[in-house]
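Here is the file work.txt (compact mmCIF, C-alpha atoms and all ligand atoms).
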```
# COMPACT_ATOMS: atom_id res chain seq x y z
CA MET A 198 0.00 0.00 0.00
CA THR A 199 1.33 3.37 -0.93
CA ARG A 200 1.79 6.27 1.43
CA THR A 201 -0.37 8.41 -0.84
CA PHE A 202 -3.23 5.98 -0.54
CA ILE A 203 -2.99 5.97 3.25
CA ILE A 204 -2.96 9.76 3.32
CA ALA A 205 -6.03 9.78 1.11
CA LEU A 206 -7.81 7.44 3.50
CA LEU A 207 -6.88 9.62 6.45
CA ALA A 208 -8.19 12.66 4.63
CA ILE A 209 -11.49 10.90 4.05
CA ALA A 210 -11.65 9.90 7.71
CA THR A 211 -10.89 13.45 8.80
CA VAL A 212 -13.64 14.88 6.62
CA ALA A 213 -16.05 12.30 8.02
CA CYS A 214 -15.19 13.34 11.58
CA VAL A 215 -15.55 17.05 10.86
CA SER A 216 -18.94 16.57 9.26
CA GLU A 217 -20.34 14.75 12.24
CA SER A 218 -22.42 16.23 14.97
CA ASP A 219 -20.91 16.96 18.36
CA GLN A 220 -23.63 14.75 19.79
CA GLN A 221 -21.38 11.71 20.08
CA PRO A 222 -21.00 8.82 20.54
CA GLN A 223 -23.66 7.24 18.31
CA GLN A 224 -22.34 7.12 14.76
CA PRO A 225 -24.61 7.24 11.74
CA VAL A 226 -25.07 4.11 9.67
CA GLY A 227 -22.70 4.13 6.72
CA ASP A 228 -19.68 5.65 8.44
CA ASN A 229 -17.33 2.73 8.04
CA ALA A 230 -13.78 3.73 9.00
CA VAL A 231 -12.19 3.23 12.41
CA THR A 232 -8.91 4.95 13.26
CA LEU A 233 -6.35 3.41 15.59
CA ASN A 234 -4.77 6.33 17.40
CA ASN A 235 -3.57 7.02 20.95
CA SER A 236 -4.21 3.33 21.76
CA ARG A 237 -7.90 3.79 21.09
CA PHE A 238 -10.36 2.83 18.38
CA THR A 239 -12.18 5.89 17.09
CA PRO A 240 -15.11 5.62 16.92
CA ALA A 241 -15.16 2.82 19.49
CA ASP A 242 -18.78 1.99 18.70
CA MET A 243 -20.04 1.98 15.16
CA THR A 244 -23.22 0.82 13.45
CA VAL A 245 -23.17 -0.38 9.86
CA GLU A 246 -25.57 -2.15 7.53
CA THR A 247 -25.00 -5.72 6.41
CA ASP A 248 -22.46 -6.23 3.60
CA THR A 249 -20.58 -3.10 4.63
CA GLU A 250 -16.80 -3.23 4.46
CA VAL A 251 -15.34 -1.70 7.62
CA THR A 252 -11.79 -0.32 7.35
CA TRP A 253 -9.47 0.09 10.32
CA ILE A 254 -6.72 2.66 9.74
CA TRP A 255 -3.48 2.58 11.74
CA ASP A 256 -2.42 6.09 12.75
CA ASP A 257 -0.48 5.72 15.99
CA GLY A 258 3.15 6.27 15.03
CA SER A 259 5.40 3.35 15.93
CA VAL A 260 2.89 1.79 18.35
CA SER A 261 1.77 -1.67 17.27
CA HIS A 262 -1.89 -2.66 17.35
CA ASN A 263 -4.13 -5.37 16.00
CA VAL A 264 -7.85 -5.85 15.51
CA VAL A 265 -9.21 -9.16 16.79
CA GLY A 266 -12.86 -10.09 16.93
CA ASP A 267 -15.11 -13.12 16.51
CA GLY A 268 -14.46 -14.17 12.92
CA PHE A 269 -11.91 -11.55 11.95
CA ALA A 270 -8.34 -10.69 12.91
CA SER A 271 -5.69 -8.41 11.51
CA ASP A 272 -1.96 -8.79 11.73
CA ILE A 273 -0.04 -6.82 14.34
CA GLN A 274 0.65 -3.60 12.43
CA THR A 275 2.02 -0.10 12.91
CA GLU A 276 0.66 1.26 9.64
CA GLY A 277 -1.70 0.44 6.83
CA THR A 278 -5.25 -0.79 7.02
CA PHE A 279 -7.37 -3.87 7.68
CA THR A 280 -10.81 -4.49 6.25
CA HIS A 281 -13.64 -6.85 7.10
CA THR A 282 -17.07 -7.13 5.55
CA PHE A 283 -19.88 -7.93 7.96
CA THR A 284 -22.56 -10.03 6.29
CA GLU A 285 -24.66 -11.07 9.30
CA PRO A 286 -26.55 -8.74 11.66
CA GLY A 287 -25.27 -8.77 15.20
CA THR A 288 -23.01 -7.12 17.73
CA TYR A 289 -19.32 -7.71 17.12
CA GLU A 290 -16.97 -6.81 19.93
CA TYR A 291 -13.27 -6.63 19.12
CA VAL A 292 -10.03 -5.75 20.87
CA CYS A 293 -6.40 -4.98 20.38
CA THR A 294 -4.76 -7.89 22.15
CA LEU A 295 -1.68 -5.79 22.90
CA HIS A 296 -3.41 -3.08 24.94
CA ARG A 297 -5.80 -3.82 27.77
CA GLY A 298 -8.93 -1.75 27.42
CA MET A 299 -8.40 -1.00 23.73
CA GLU A 300 -11.71 -2.32 22.46
CA GLY A 301 -14.55 -1.50 20.16
CA THR A 302 -17.89 -2.71 18.93
CA ILE A 303 -19.38 -2.96 15.46
CA THR A 304 -23.15 -3.27 15.42
CA VAL A 305 -24.44 -4.70 12.15
CA VAL A 306 -28.04 -4.11 11.16
CA GLU A 307 -30.04 -5.29 8.15
CA GLN A 308 -29.86 -3.11 5.07
CA THR A 309 -32.88 -0.88 4.97
CA SER A 310 -32.96 -0.29 1.22
CU CU B 1 -3.17 -1.71 20.63
```
What would the structure in this file look like if it were written as structure tokens?
Ligand SMILES: [Cu+2]
Amino acid sequence: MTRTFIIALLAIATVACVSESDQQPQQPVGDNAVTLNNSRFTPADMTVETDTEVTWIWDDGSVSHNVVGDGFASDIQTEGTFTHTFTEPGTYEYVCTLHRGMEGTITVVEQTS
């Protein structure tokens, strides 16, 4: 993966954050990028529709993290991305196994279209 591509992804994520309401933490359906920064997943809780590809973006300098949940697991990485497409509705909790308390949840709901 090229640096330019990563920067582009970060730019997209930044725009998404800016456009959101200050009334956190509930994220709107369709926002499908999670940033790994400061040993946190941001947003930690996200709701997506089925068949949505969620992208985790590493942005924490030299600090290693991974994304491990029920049915999906990334490598231990310091940069780059990891993607997983959720096809079944449900609540998917995940963690970084390297940092206690670094955890998040993806809630998958049926497509409404
Ligand atoms: Cu971590």
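Nearest to A:Pro240 of all the residues A:Thr309, A:Thr252, A:Thr284, A:Ser271 is A:Thr252, counting all atoms listed in the file.
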Using only C-alpha atoms, determine which residues lie at most 8 Å from A:Ala241, disregarding the query and same-chain residues fewer than 4 positions distant; provide the list as a ChimeraX atom specification. /A:231,237,300-302
Step by step, measure atom-to-atom distances between ligand CU 1 (chain B) and each residue using all atoms listed in the file, keep those at most 6 Å, then write them as a list in words. Ser236, Ser261, His262, Asn263, Cys293, Leu295 and His296 of chain A
How would the residues just picked look written out with C-alpha atoms as an mmCIF file, in the coordinates of the input?
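What follows is the written file part-v1.cif:
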```
data_model
loop_
_atom_site.group_PDB
_atom_site.id
_atom_site.type_symbol
_atom_site.label_atom_id
_atom_site.label_comp_id
_atom_site.auth_asym_id
_atom_site.auth_seq_id
_atom_site.Cartn_x
_atom_site.Cartn_y
_atom_site.Cartn_z
ATOM 1 C CA SER A 236 -4.210 3.330 21.760
ATOM 2 C CA SER A 261 1.770 -1.670 17.270
ATOM 3 C CA HIS A 262 -1.890 -2.660 17.350
ATOM 4 C CA ASN A 263 -4.130 -5.370 16.000
ATOM 5 C CA CYS A 293 -6.400 -4.980 20.380
ATOM 6 C CA LEU A 295 -1.680 -5.790 22.900
ATOM 7 C CA HIS A 296 -3.410 -3.080 24.940
#
```
Select, from A:Phe238, A:Phe283, A:Tyr291, A:Trp253, the residue with the minimum atom-to-atom distance to A:Glu307, counting all atoms listed in the file. A:Phe283
At what distance in Å, to one decimal, does atom CA of A:Asp248 lie from atom CA of A:Ser310?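 Distance reported for this atom pair: 12.3 Å.
When the distance limit is 9 Å and all atoms listed in the file are what count, the residues near A:Asn234, minus those fewer than 3 positions from it on the same chain, are Arg237, Phe238, Thr239, Ile254, Trp255, Asp256, Asp257, Gly258 and Val260 of chain A.
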Could you turn the residues from that selection into a file that holds C-alpha atoms, as a short mmCIF file (atom, residue, chain, number, x, y, z; two decimals), in the frame of the given file?
```
data_model
loop_
_atom_site.label_atom_id
_atom_site.label_comp_id
_atom_site.auth_asym_id
_atom_site.auth_seq_id
_atom_site.Cartn_x
_atom_site.Cartn_y
_atom_site.Cartn_z
CA ARG A 237 -7.90 3.79 21.09
CA PHE A 238 -10.36 2.83 18.38
CA THR A 239 -12.18 5.89 17.09
CA ILE A 254 -6.72 2.66 9.74
CA TRP A 255 -3.48 2.58 11.74
CA ASP A 256 -2.42 6.09 12.75
CA ASP A 257 -0.48 5.72 15.99
CA GLY A 258 3.15 6.27 15.03
CA VAL A 260 2.89 1.79 18.35
#
```
Do you have the atom CA of A:Glu250-atom CA of A:Gly298 distance handy? 24.3 Å
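Distances from A:Val292, A:Val265, A:Ile273, A:Met243 to A:Val305 were compared using only C-alpha atoms, and the smallest one belongs to A:Met243.
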Please indicate the distance in Å from atom CA of A:Tyr289 to atom CA of A:Ser259, rounded to one decimal place.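 These atoms are spaced 27.1 Å apart.
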Proximity to A:Thr278 - best of A:Thr249, A:Thr294, A:Asp242, A:Leu233, all atoms listed in the file: A:Leu233
N, CA, C and O atoms are needed for stretch 254-280 of chain A; please write them out as a compact mmCIF listing (two decimals), in the coordinates of the input.
```
# COMPACT_ATOMS: atom_id res chain seq x y z
N ILE A 254 -7.86 1.90 10.25
CA ILE A 254 -6.72 2.66 9.74
C ILE A 254 -5.74 2.90 10.87
O ILE A 254 -6.09 3.54 11.87
N TRP A 255 -4.52 2.39 10.72
CA TRP A 255 -3.48 2.58 11.74
C TRP A 255 -2.92 3.99 11.62
O TRP A 255 -2.46 4.40 10.56
N ASP A 256 -2.93 4.71 12.74
CA ASP A 256 -2.42 6.09 12.75
C ASP A 256 -1.88 6.39 14.15
O ASP A 256 -2.32 7.32 14.82
N ASP A 257 -0.97 5.56 14.62
CA ASP A 257 -0.48 5.72 15.99
C ASP A 257 1.05 5.62 16.03
O ASP A 257 1.62 5.02 16.93
N GLY A 258 1.70 6.23 15.04
CA GLY A 258 3.15 6.27 15.03
C GLY A 258 3.75 4.88 14.99
O GLY A 258 3.35 4.04 14.18
N SER A 259 4.70 4.63 15.91
CA SER A 259 5.40 3.35 15.93
C SER A 259 4.74 2.33 16.85
O SER A 259 5.25 1.24 17.06
N VAL A 260 3.57 2.68 17.41
CA VAL A 260 2.89 1.79 18.35
C VAL A 260 2.14 0.70 17.58
O VAL A 260 1.35 1.00 16.69
N SER A 261 2.41 -0.54 17.94
CA SER A 261 1.77 -1.67 17.27
C SER A 261 0.38 -1.92 17.84
O SER A 261 0.16 -1.82 19.05
N HIS A 262 -0.54 -2.27 16.94
CA HIS A 262 -1.89 -2.66 17.35
C HIS A 262 -2.37 -3.78 16.43
O HIS A 262 -1.85 -3.96 15.32
N ASN A 263 -3.41 -4.47 16.89
CA ASN A 263 -4.13 -5.37 16.00
C ASN A 263 -5.62 -5.21 16.26
O ASN A 263 -6.05 -4.47 17.15
N VAL A 264 -6.40 -5.87 15.42
CA VAL A 264 -7.85 -5.85 15.51
C VAL A 264 -8.30 -7.31 15.53
O VAL A 264 -8.11 -8.04 14.54
N VAL A 265 -8.85 -7.76 16.65
CA VAL A 265 -9.21 -9.16 16.79
C VAL A 265 -10.64 -9.26 17.32
O VAL A 265 -10.95 -8.78 18.41
N GLY A 266 -11.49 -9.88 16.52
CA GLY A 266 -12.86 -10.09 16.93
C GLY A 266 -13.29 -11.51 16.59
O GLY A 266 -12.48 -12.34 16.14
N ASP A 267 -14.56 -11.79 16.79
CA ASP A 267 -15.11 -13.12 16.51
C ASP A 267 -15.29 -13.25 15.00
O ASP A 267 -16.23 -12.72 14.44
N GLY A 268 -14.36 -13.94 14.35
CA GLY A 268 -14.46 -14.17 12.92
C GLY A 268 -13.59 -13.26 12.08
O GLY A 268 -13.62 -13.35 10.85
N PHE A 269 -12.82 -12.40 12.72
CA PHE A 269 -11.91 -11.55 11.95
C PHE A 269 -10.72 -11.19 12.82
O PHE A 269 -10.84 -11.04 14.03
N ALA A 270 -9.56 -11.04 12.18
CA ALA A 270 -8.34 -10.69 12.91
C ALA A 270 -7.32 -10.13 11.95
O ALA A 270 -7.04 -10.70 10.89
N SER A 271 -6.75 -9.00 12.31
CA SER A 271 -5.69 -8.41 11.51
C SER A 271 -4.35 -8.94 11.98
O SER A 271 -4.25 -9.62 13.00
N ASP A 272 -3.31 -8.60 11.25
CA ASP A 272 -1.96 -8.79 11.73
C ASP A 272 -1.67 -7.73 12.80
O ASP A 272 -2.43 -6.77 12.96
N ILE A 273 -0.56 -7.90 13.50
CA ILE A 273 -0.04 -6.82 14.34
C ILE A 273 0.66 -5.84 13.42
O ILE A 273 1.59 -6.21 12.70
N GLN A 274 0.18 -4.59 13.41
CA GLN A 274 0.65 -3.60 12.43
C GLN A 274 0.95 -2.28 13.12
O GLN A 274 0.41 -1.98 14.19
N THR A 275 1.82 -1.48 12.47
CA THR A 275 2.02 -0.10 12.91
C THR A 275 1.50 0.88 11.86
O THR A 275 1.43 2.09 12.13
N GLU A 276 1.16 0.38 10.69
CA GLU A 276 0.66 1.26 9.64
C GLU A 276 -0.21 0.43 8.69
O GLU A 276 -0.27 -0.79 8.81
N GLY A 277 -0.86 1.13 7.80
CA GLY A 277 -1.70 0.44 6.83
C GLY A 277 -3.13 0.32 7.32
O GLY A 277 -3.57 1.05 8.21
N THR A 278 -3.83 -0.63 6.72
CA THR A 278 -5.25 -0.79 7.02
C THR A 278 -5.59 -2.27 7.12
O THR A 278 -4.82 -3.14 6.74
N PHE A 279 -6.79 -2.53 7.64
CA PHE A 279 -7.37 -3.87 7.68
C PHE A 279 -8.85 -3.70 7.38
O PHE A 279 -9.48 -2.73 7.83
N THR A 280 -9.38 -4.59 6.58
CA THR A 280 -10.81 -4.49 6.25
C THR A 280 -11.51 -5.79 6.56
O THR A 280 -10.93 -6.88 6.50
```
